[in-house]
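Data first, discussion second: the structure below is written as structure tokens.
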Amino acid sequence: MIAYLSWHRAAPGVEPAAYEPAVERLHRSLANRPPSGFRGSATFRAAELPWLSSAENPPPADGLPSAEGPPSAVGMSYEDWYVVDDWAAIGVLEEAAVSRGHLTAHEAVAALAGPATGAVYRLLEGNVRLEQARVAVWVARPRGHGHGSVAALLGDGMDPACGGLWRRCLGFGPAPEFCVLASEPPTGVAAGRLPPGWTARSFAREPLQP
């Protein structure tokens, strides 16, 4: 199971009251007429997404800010999850989004959208329960440090019935390497469990109802 993640903001001058309904319509369109291999989607409001920083204030290479620095994202940001079976389904989703049945909804969002970036993540452990995962913990490792055994422990304490451990396998810009979706941060991402240089940050997120 893999997921395409899209982080985005409305264009300057576009209010959430106009942007959010357009985003919701696109998700509803996909849910009502799902492409082959499509397993569901969700979108979340996220006031702080450092990897959506402006070009004038680029984030660190690992996609996470330092603990001392202020958040670099400006305005309300959004995080979309599109879950599919495999890489072939990514291609099907890409074509379907701009084809009959979804094109109008897709173009409506595109006309209002501003900065955006994305990444593809693979599910390593647990389940896809986007509607139940109220906490997203983003984990980054120091450059040059292999993840191996450490990555396998990040999901310790996570309820696999409603949580999942994801690893980035393709990035279109700065993005954290791991994500744990859960009802609460598991012990595997506690500060005392991570090796030196590794960071785990939680950012507040609120689901939109498609």
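Numbering starts fresh at 1 for the residues of each chain in the structure tokens, the chains themselves are lettered A, B, ... in the order given, and ligands are numbered from 1 as they appear.
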* Mind checking which residues fall within 12 Å of A:Glu131, counting only C-alpha atoms, ignoring those fewer than 4 positions away in the same chain, and posting them as a list in words? => Gly40, Ser41, Ala42, Thr43, Phe44, Trp81, Asn127, Val135, Ala136, Cys162, Gly163, Leu181, Ala182, Ser183, Arg205, Glu206, Pro207, Leu208, Gln209 and Pro210 of chain A
For A:Gly157, work out the shell of residues within 8 Å, counting only C-alpha atoms and skipping chain neighbours fewer than 6 positions away, then give it as a CSV table (one decimal) with N, CA, C and O atoms, in the first residue's frame.
chain,number,residue,atom,x,y,z
A,186,PRO,N,3.2,7.1,19.6
A,186,PRO,CA,3.6,5.8,20.3
A,186,PRO,C,5.0,6.0,20.9
A,186,PRO,O,5.7,6.9,20.6
A,187,THR,N,5.4,5.0,21.8
A,187,THR,CA,6.7,5.1,22.4
A,187,THR,C,7.8,5.0,21.5
A,187,THR,O,8.9,5.5,21.8
A,188,GLY,N,7.6,4.4,20.3
A,188,GLY,CA,8.7,4.3,19.4
A,188,GLY,C,9.3,5.6,18.8
A,188,GLY,O,10.4,5.6,18.3
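Counting only C-alpha atoms and comparing A:Ala200, A:Val189, A:Ala22, A:Leu52, the residue that lies closest to A:Ala116 is A:Leu52.
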* **Point-to-point distance in Å for atom CA of A:Ala119 and atom CA of A:Phe178** =>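 Taking atom CA of A:Phe178 as the start and atom CA of A:Ala119 as the end point, the length is 11.2 Å.
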* Could you write out, as a count of residues only, all the residues of chain A that DSSP marks as strand (DSSP E)? -> 65
* For A:Ala10, which residue among A:Ser77, A:Ser202, A:Thr104, A:Ser36 is the nearest when counting only C-alpha atoms? -> A:Ser77
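Remark: for A:Phe38, the closest of the candidate residues A:Pro50, A:Glu79, A:Val92, A:Ala18 is A:Val92 (distances computed over only C-alpha atoms).
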* In terms of the shortest atom-to-atom distance over only C-alpha atoms, which of A:Pro185, A:Gly197, A:Gly114, A:Pro34 is closest to A:Leu93? ->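 Nearest to A:Leu93: A:Pro34.
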* For A:Pro35, which of A:Val120, A:Met76, A:Ala152, A:Ala89 is the closest residue, counting only C-alpha atoms? -> A:Ala89
* Point-to-point distance from atom CA of A:Arg45 to atom CA of A:Ser99, Å rounded to tenths ->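 The value is 26.7 Å.
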* To do: Figure out the distance between atom CA of A:Gly171 and atom CA of A:His102, please, to one decimal in Å.
  =>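 Between these atoms lies a distance of 24.9 Å.
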* **Residue contacts of A:Val14 (9 Å, only C-alpha atoms) excluding same-chain residues fewer than 5 positions away, as a PyMOL selection string** => chain A and resi 19+112-113
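Each of A:Arg201, A:Arg122, A:Arg9, A:His106 was checked against A:Ala47 using only C-alpha atoms; the smallest atom-to-atom distance is that of A:Arg9.
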